[in-house]
$ cat entry33.cif   # mmCIF, C-alpha atoms
data_entry
loop_
_atom_site.label_atom_id
_atom_site.label_comp_id
_atom_site.auth_asym_id
_atom_site.auth_seq_id
_atom_site.Cartn_x
_atom_site.Cartn_y
_atom_site.Cartn_z
CA MET A 978 92.90 96.86 89.38
CA SER A 979 92.63 100.16 91.24
CA LEU A 980 95.52 102.38 92.30
CA THR A 981 95.76 104.07 95.68
CA GLU A 982 95.40 107.84 95.34
CA GLU A 983 97.96 108.55 98.04
CA ILE A 984 101.71 108.46 97.43
CA TRP A 985 103.51 105.67 99.29
CA THR A 986 106.95 104.26 99.89
CA VAL A 987 106.99 100.53 100.59
CA GLN A 988 107.71 101.23 104.25
CA SER A 989 104.92 103.79 104.68
CA TYR A 990 102.49 101.48 102.89
CA ILE A 991 103.25 98.57 105.24
CA LYS A 992 102.83 100.87 108.25
CA GLY A 993 99.64 102.46 106.93
CA PHE A 994 98.00 99.14 106.10
CA ILE A 995 99.19 97.20 109.15
CA ASN A 996 95.62 96.83 110.43
CA GLY A 997 94.04 96.36 107.01
CA CYS A 998 93.01 98.90 104.41
CA PRO A 999 91.95 102.20 106.03
CA ASN A 1000 88.32 103.01 105.26
CA HIS A 1001 89.15 106.37 103.68
CA LEU A 1002 91.26 104.58 101.07
CA ARG A 1003 88.60 102.13 99.97
CA PRO A 1004 87.78 102.52 96.25
CA MET A 1005 84.77 104.75 95.63
CA MET A 1006 84.31 103.77 91.99
CA CYS A 1007 84.35 100.40 90.28
CA PRO A 1008 87.13 100.17 87.64
CA HIS A 1009 84.99 97.69 85.68
CA CYS A 1010 81.51 99.21 85.45
CA PHE A 1011 82.59 102.71 86.63
CA GLU A 1012 79.68 102.90 89.06
CA LYS A 1013 80.38 105.44 91.81
CA VAL A 1014 79.87 103.33 94.93
CA MET A 1015 82.03 102.25 97.87
CA LEU A 1016 83.29 98.76 97.11
CA HIS A 1017 82.96 96.00 99.72
CA LYS A 1018 86.03 94.39 101.30
CA HIS A 1019 86.85 91.10 99.59
CA GLY A 1020 89.93 89.67 101.29
CA SER A 1021 93.62 90.15 100.55
CA TYR A 1022 96.70 88.35 99.29
CA LYS A 1023 100.46 88.60 99.82
CA ARG A 1024 102.83 90.00 97.23
CA THR A 1025 106.63 90.22 97.17
CA VAL A 1026 108.04 93.57 96.04
CA TYR A 1027 111.72 93.95 95.18
CA THR A 1028 113.33 97.37 95.57
CA LEU A 1029 116.97 98.18 94.93
CA LEU A 1030 117.95 97.60 98.54
CA GLU A 1031 115.39 95.31 100.15
CA ALA A 1032 112.65 92.78 99.45
CA PHE A 1033 109.27 93.23 101.13
CA ILE A 1034 106.16 91.13 101.50
CA ILE A 1035 103.09 93.35 101.40
CA SER A 1036 99.35 92.77 101.61
CA ILE A 1037 97.24 93.67 98.59
CA TYR A 1038 93.59 94.24 99.46
CA ARG A 1039 90.69 93.25 97.26
CA PHE A 1040 87.25 94.79 96.93
CA LYS A 1041 84.01 93.78 95.24
CA CYS A 1042 81.49 95.98 93.45
CA ILE A 1043 77.92 95.63 94.71
CA LYS A 1044 76.61 96.62 91.27
CA CYS A 1045 78.43 94.40 88.79
CA GLY A 1046 79.81 91.83 91.24
CA ARG A 1047 83.37 92.01 89.93
CA ALA A 1048 86.40 92.21 92.20
CA THR A 1049 89.42 94.50 92.02
CA SER A 1050 92.74 94.79 93.82
CA LEU A 1051 93.97 98.03 95.36
CA LEU A 1052 97.57 98.41 94.27
CA PRO A 1053 100.11 100.90 95.68
CA ASN A 1054 101.84 103.23 93.22
CA PHE A 1055 105.39 101.97 93.82
CA VAL A 1056 104.99 98.77 91.79
CA MET A 1057 103.35 98.02 88.44
CA GLU A 1058 100.44 95.64 87.99
CA HIS A 1059 101.64 91.99 87.68
CA HIS A 1060 105.26 93.00 88.37
CA GLN A 1061 107.46 92.36 91.42
CA ALA A 1062 110.27 94.84 90.68
CA ALA A 1063 109.44 98.24 92.17
CA TRP A 1064 109.64 101.38 90.07
CA ASP A 1065 112.92 102.46 91.69
CA VAL A 1066 114.63 99.42 90.12
CA LYS A 1067 113.37 100.33 86.65
CA GLU A 1068 114.22 103.98 87.15
CA ALA A 1069 117.80 103.02 87.96
CA VAL A 1070 117.97 101.16 84.63
CA ILE A 1071 116.66 104.17 82.67
CA HIS A 1072 119.11 106.50 84.41
CA GLN A 1073 122.03 104.29 83.42
CA GLN A 1074 120.77 104.05 79.84
CA LEU A 1075 120.62 107.83 79.65
CA SER A 1076 124.24 107.88 80.81
CA GLY A 1077 125.17 105.74 77.81
CA VAL A 1078 125.53 102.38 79.56
CA ALA A 1079 124.52 99.37 77.44
CA LEU A 1080 121.75 97.09 78.72
CA LEU A 1081 124.11 94.11 78.81
CA LYS A 1082 126.45 96.02 81.10
CA ILE A 1083 123.54 97.21 83.26
CA ALA A 1084 122.30 93.62 83.60
CA GLU A 1085 125.76 92.49 84.68
CA ASP A 1086 126.22 95.24 87.26
CA LEU A 1087 122.73 95.96 88.58
CA VAL A 1088 122.41 94.91 92.21
CA THR A 1089 118.88 94.59 93.60
CA SER A 1090 117.14 92.80 96.44
CA ALA A 1091 115.95 90.25 93.85
CA GLY A 1092 119.45 89.54 92.61
CA GLU A 1093 120.18 89.89 88.90
CA PHE A 1094 117.81 90.59 86.03
CA SER A 1095 118.51 89.39 82.51
CA GLU A 1096 119.29 91.74 79.63
CA LYS A 1097 116.05 90.58 77.98
CA THR A 1098 114.01 91.61 81.04
CA LEU A 1099 115.69 95.03 81.15
CA TRP A 1100 115.01 95.44 77.41
CA ARG A 1101 111.29 94.73 77.95
CA TRP A 1102 111.13 97.30 80.76
CA SER A 1103 113.00 99.88 78.72
CA LYS A 1104 110.87 99.41 75.61
CA SER A 1105 107.61 99.65 77.57
CA ILE A 1106 108.74 102.80 79.38
CA HIS A 1107 109.97 104.51 76.20
CA ASP A 1108 106.77 103.58 74.37
CA GLU A 1109 104.78 105.18 77.17
CA LEU A 1110 106.83 108.37 76.91
CA ARG A 1111 106.23 108.50 73.16
CA ASP A 1112 102.48 108.11 73.59
CA SER A 1113 101.94 110.56 76.46
CA SER A 1114 104.83 113.04 76.42
CA SER A 1115 102.73 116.16 75.89
CA GLU A 1116 100.38 115.32 78.76
CA GLN A 1117 103.28 114.60 81.11
CA TRP A 1118 104.82 118.00 80.37
CA ARG A 1119 101.46 119.70 80.82
CA ILE A 1120 101.06 118.22 84.30
CA ILE A 1121 104.64 119.05 85.31
CA LEU A 1122 104.14 122.66 84.23
CA GLU A 1123 100.88 122.81 86.17
CA LYS A 1124 102.73 121.63 89.28
CA LEU A 1125 105.71 123.91 88.72
CA PRO A 1126 105.01 126.70 86.18
CA HIS A 1127 108.45 128.27 86.70
CA VAL A 1128 110.47 125.09 86.16
CA LYS A 1129 114.05 125.91 85.22
CA ILE A 1130 114.97 124.73 81.73
CA PRO A 1131 118.72 124.00 81.34
CA VAL A 1132 120.48 125.60 78.38
CA GLY A 1133 123.91 125.51 76.82
CA PRO A 1134 126.29 122.63 77.68
CA SER A 1135 123.98 121.42 80.48
CA LYS A 1136 121.01 121.01 78.12
CA PRO A 1137 119.90 117.34 78.09
CA ALA A 1138 120.03 115.53 74.76
CA ARG A 1139 117.02 113.25 75.37
CA GLU A 1140 113.48 113.92 76.51
CA TRP A 1141 113.74 111.48 79.41
CA SER A 1142 116.67 113.51 80.70
CA TRP A 1143 114.55 116.66 80.52
CA LEU A 1144 111.75 114.94 82.42
CA PHE A 1145 114.03 113.61 85.15
CA ARG A 1146 115.63 117.02 85.68
CA SER A 1147 112.26 118.74 85.79
CA TRP A 1148 110.92 116.14 88.18
CA GLU A 1149 113.81 116.73 90.59
CA GLN A 1150 112.73 120.38 90.74
CA VAL A 1151 109.14 119.30 91.45
CA ARG A 1152 110.28 116.93 94.20
CA SER A 1153 112.42 119.56 95.89
CA THR A 1154 109.72 122.24 95.68
CA ILE A 1155 106.37 120.58 96.41
CA PRO A 1156 105.78 118.88 99.80
CA GLY A 1157 104.65 115.29 99.51
CA PHE A 1158 106.51 114.50 96.29
CA MET A 1159 109.99 113.93 97.71
CA ASN A 1160 109.48 110.19 98.16
CA ILE A 1161 108.11 109.35 94.73
CA GLY A 1162 110.22 108.78 91.64
CA LEU A 1163 109.29 109.99 88.17
CA LEU A 1164 108.25 106.57 86.84
CA ALA A 1165 106.03 105.80 89.83
CA TRP A 1166 104.37 109.20 89.44
CA LEU A 1167 103.79 108.72 85.70
CA TYR A 1168 102.25 105.31 86.41
CA GLN A 1169 99.93 106.90 88.96
CA ILE A 1170 98.85 109.48 86.39
CA LYS A 1171 98.27 106.83 83.73
CA ARG A 1172 96.08 104.68 85.98
CA SER A 1173 94.13 107.68 87.24
CA ARG A 1174 93.58 108.82 83.65
CA ALA A 1175 92.34 105.35 82.63
CA VAL A 1176 89.73 105.38 85.39
CA THR A 1177 88.64 108.95 84.57
CA VAL A 1178 88.30 108.21 80.85
CA GLY A 1179 86.36 105.04 81.58
#

$ encode --input "entry33.cif" --output "structure tokens"
Amino acid sequence: MSLTEEIWTVQSYIKGFINGCPNHLRPMMCPHCFEKVMLHKHGSYKRTVYTLLEAFIISIYRFKCIKCGRATSLLPNFVMEHHQAAWDVKEAVIHQQLSGVALLKIAEDLVTSAGEFSEKTLWRWSKSIHDELRDSSSEQWRIILEKLPHVKIPVGPSKPAREWSWLFRSWEQVRSTIPGFMNIGLLAWLYQIKRSRAVTVG
């Protein structure tokens, strides 16, 4: 799986890919053999993506490496590999957790375009996201500080108690300061970084 380098909302992705994958977005390196070569078009398939407010059917485009012969899908940053719930749904869950709401209550009250999600599903999302924070916290802060060296750190009564709260507050400053980041949530951005890092390391 490859991740698009550009930042998309579901709506902008559908509009941008209405006539197929633009040539300038075609993968230029195979995620399997890491050969630097433009991959050949290899069809597409439909995928349902559920956001908080609306369900969308999008096209996911596939490409094949001329060196190793393996195929890969080009996935937009707003949804995780093999998942249908968009990152904004998961971010809403994390925000409520940080406010002290129990997962059972979140599962009962969360309204999405997919309907309800079970407490067990929300627990899996939450665990995976918190594990990722534990494993890559220092790198995430490094990148945020590179984007916004003068980020304002809250102190006193407004000081967040948890690291996720710090990250969300810092990210809001990044979004309001840097053009092009307004339409991407923190979790979607972190996923983009993780996938880009995996390709670079490989």

$ residues_around --input "entry33.cif" --residues "range 1009-1020 of chain A" --least-positions-apart "4" --cutoff "6 Å" --atoms "all atoms listed in the file" --output "compact mmCIF listing (two decimals) with C-alpha atoms, in the coordinates of the input"
# COMPACT_ATOMS: atom_id res chain seq x y z
CA PRO A 1004 87.78 102.52 96.25
CA MET A 1005 84.77 104.75 95.63
CA ARG A 1039 90.69 93.25 97.26
CA PHE A 1040 87.25 94.79 96.93
CA LYS A 1041 84.01 93.78 95.24
CA CYS A 1042 81.49 95.98 93.45

$ closest_residue --input "entry33.cif" --among "A:Leu1029, A:Glu1140, A:Ile1035, A:Leu1125" --to "Leu1087 in chain A" --atoms "only C-alpha atoms"
A:Leu1029

$ atom_distance --input "entry33.cif" --atom1 "CA of Ile1161 in chain A" --atom2 "CA of Ala1048 in chain A"
27.8 Å

$ closest_residue --input "entry33.cif" --among "A:Ser1153, A:Asn1160, A:Arg1024, A:Leu1144" --to "Glu1116 in chain A" --atoms "all atoms listed in the file"
A:Leu1144

$ atom_distance --input "entry33.cif" --atom1 "CA of Leu1002 in chain A" --atom2 "CA of Ile1120 in chain A"
23.7 Å

$ closest_residue --input "entry33.cif" --among "A:Thr986, A:Gln1061, A:Gln1073, A:Asn1054" --to "Ser1103 in chain A" --atoms "all atoms listed in the file"
A:Gln1073

$ closest_residue --input "entry33.cif" --among "A:His1127, A:Leu1167, A:Asp1065, A:Ile1083" --to "Ser1095 in chain A" --atoms "only C-alpha atoms"
A:Ile1083

$ closest_residue --input "entry33.cif" --among "A:Phe1055, A:Trp1100, A:Tyr1022, A:Tyr1038" --to "Gln988 in chain A" --atoms "all atoms listed in the file"
A:Phe1055

$ closest_residue --input "entry33.cif" --among "A:Lys1023, A:Lys1124, A:His1072, A:Lys992" --to "Phe1145 in chain A" --atoms "only C-alpha atoms"
A:His1072

$ residues_around --input "entry33.cif" --residues "Gln1074 in chain A" --least-positions-apart "6" --cutoff "12 Å" --atoms "only C-alpha atoms" --output "compact mmCIF listing (two decimals) with C-alpha atoms, keeping the file's coordinate frame"
# COMPACT_ATOMS: atom_id res chain seq x y z
CA LYS A 1067 113.37 100.33 86.65
CA GLU A 1068 114.22 103.98 87.15
CA LEU A 1080 121.75 97.09 78.72
CA LEU A 1081 124.11 94.11 78.81
CA LYS A 1082 126.45 96.02 81.10
CA ILE A 1083 123.54 97.21 83.26
CA ALA A 1084 122.30 93.62 83.60
CA LEU A 1099 115.69 95.03 81.15
CA TRP A 1100 115.01 95.44 77.41
CA TRP A 1102 111.13 97.30 80.76
CA SER A 1103 113.00 99.88 78.72
CA LYS A 1104 110.87 99.41 75.61
CA HIS A 1107 109.97 104.51 76.20
CA ARG A 1139 117.02 113.25 75.37
CA TRP A 1141 113.74 111.48 79.41
CA SER A 1142 116.67 113.51 80.70

$ atom_distance --input "entry33.cif" --atom1 "CA of Tyr1168 in chain A" --atom2 "CA of Val1056 in chain A"
8.9 Å

$ resolve_selection --input "entry33.cif" --expression "the PyMOL selection byres ((chain A and resi 994) around 12)" --output "list in words"
Thr981, Trp985, Val987, Gln988, Ser989, Tyr990, Ile991, Lys992, Gly993, Ile995, Asn996, Gly997, Cys998, Pro999, Asn1000, His1001, Leu1002, Arg1003, Ser1021, Ile1035, Ser1036, Ile1037, Tyr1038, Leu1051, Leu1052 and Pro1053 of chain A

$ decode --input "entry33.cif" --residues "range 1065-1089 of chain A" --atoms "N, CA and C atoms" --output "compact mmCIF listing (two decimals), in the first residue's frame"
# COMPACT_ATOMS: atom_id res chain seq x y z
N ASP A 1065 -11.51 11.13 11.06
CA ASP A 1065 -12.26 12.10 11.87
C ASP A 1065 -13.18 11.40 12.87
N VAL A 1066 -13.65 10.19 12.53
CA VAL A 1066 -14.47 9.42 13.46
C VAL A 1066 -13.63 9.00 14.67
N LYS A 1067 -12.44 8.49 14.41
CA LYS A 1067 -11.56 8.04 15.49
C LYS A 1067 -11.08 9.21 16.34
N GLU A 1068 -10.84 10.33 15.69
CA GLU A 1068 -10.39 11.51 16.43
C GLU A 1068 -11.48 12.00 17.38
N ALA A 1069 -12.72 11.89 16.96
CA ALA A 1069 -13.83 12.28 17.84
C ALA A 1069 -13.88 11.40 19.08
N VAL A 1070 -13.57 10.11 18.91
CA VAL A 1070 -13.53 9.18 20.05
C VAL A 1070 -12.43 9.58 21.02
N ILE A 1071 -11.22 9.85 20.50
CA ILE A 1071 -10.10 10.23 21.36
C ILE A 1071 -10.39 11.53 22.10
N HIS A 1072 -10.99 12.50 21.42
CA HIS A 1072 -11.32 13.77 22.07
C HIS A 1072 -12.27 13.54 23.25
N GLN A 1073 -13.26 12.68 23.06
CA GLN A 1073 -14.20 12.43 24.15
C GLN A 1073 -13.53 11.69 25.30
N GLN A 1074 -12.63 10.75 24.97
CA GLN A 1074 -11.88 10.06 26.02
C GLN A 1074 -11.08 11.05 26.85
N LEU A 1075 -10.43 11.98 26.18
CA LEU A 1075 -9.62 12.97 26.88
C LEU A 1075 -10.48 13.88 27.76
N SER A 1076 -11.76 13.97 27.45
CA SER A 1076 -12.68 14.75 28.27
C SER A 1076 -13.23 13.94 29.43
N GLY A 1077 -12.81 12.67 29.52
CA GLY A 1077 -13.23 11.84 30.64
C GLY A 1077 -14.44 10.97 30.40
N VAL A 1078 -14.90 10.90 29.15
CA VAL A 1078 -16.08 10.10 28.83
C VAL A 1078 -15.67 8.63 28.65
N ALA A 1079 -16.39 7.73 29.25
CA ALA A 1079 -16.09 6.30 29.16
C ALA A 1079 -16.42 5.78 27.76
N LEU A 1080 -15.69 4.74 27.33
CA LEU A 1080 -15.91 4.19 25.99
C LEU A 1080 -17.33 3.68 25.81
N LEU A 1081 -17.90 3.08 26.86
CA LEU A 1081 -19.27 2.59 26.74
C LEU A 1081 -20.23 3.73 26.43
N LYS A 1082 -20.04 4.85 27.10
CA LYS A 1082 -20.89 6.02 26.87
C LYS A 1082 -20.66 6.58 25.47
N ILE A 1083 -19.39 6.62 25.04
CA ILE A 1083 -19.09 7.11 23.69
C ILE A 1083 -19.76 6.23 22.65
N ALA A 1084 -19.69 4.91 22.85
CA ALA A 1084 -20.31 3.98 21.90
C ALA A 1084 -21.82 4.17 21.83
N GLU A 1085 -22.43 4.50 22.95
CA GLU A 1085 -23.88 4.70 22.99
C GLU A 1085 -24.29 6.00 22.29
N ASP A 1086 -23.43 7.02 22.39
CA ASP A 1086 -23.82 8.35 21.91
C ASP A 1086 -23.23 8.74 20.56
N LEU A 1087 -22.17 8.05 20.14
CA LEU A 1087 -21.49 8.46 18.91
C LEU A 1087 -22.39 8.27 17.70
N VAL A 1088 -22.59 9.34 16.96
CA VAL A 1088 -23.41 9.30 15.74
C VAL A 1088 -22.50 9.50 14.54
N THR A 1089 -22.48 8.51 13.65
CA THR A 1089 -21.66 8.59 12.44
C THR A 1089 -22.49 8.19 11.24
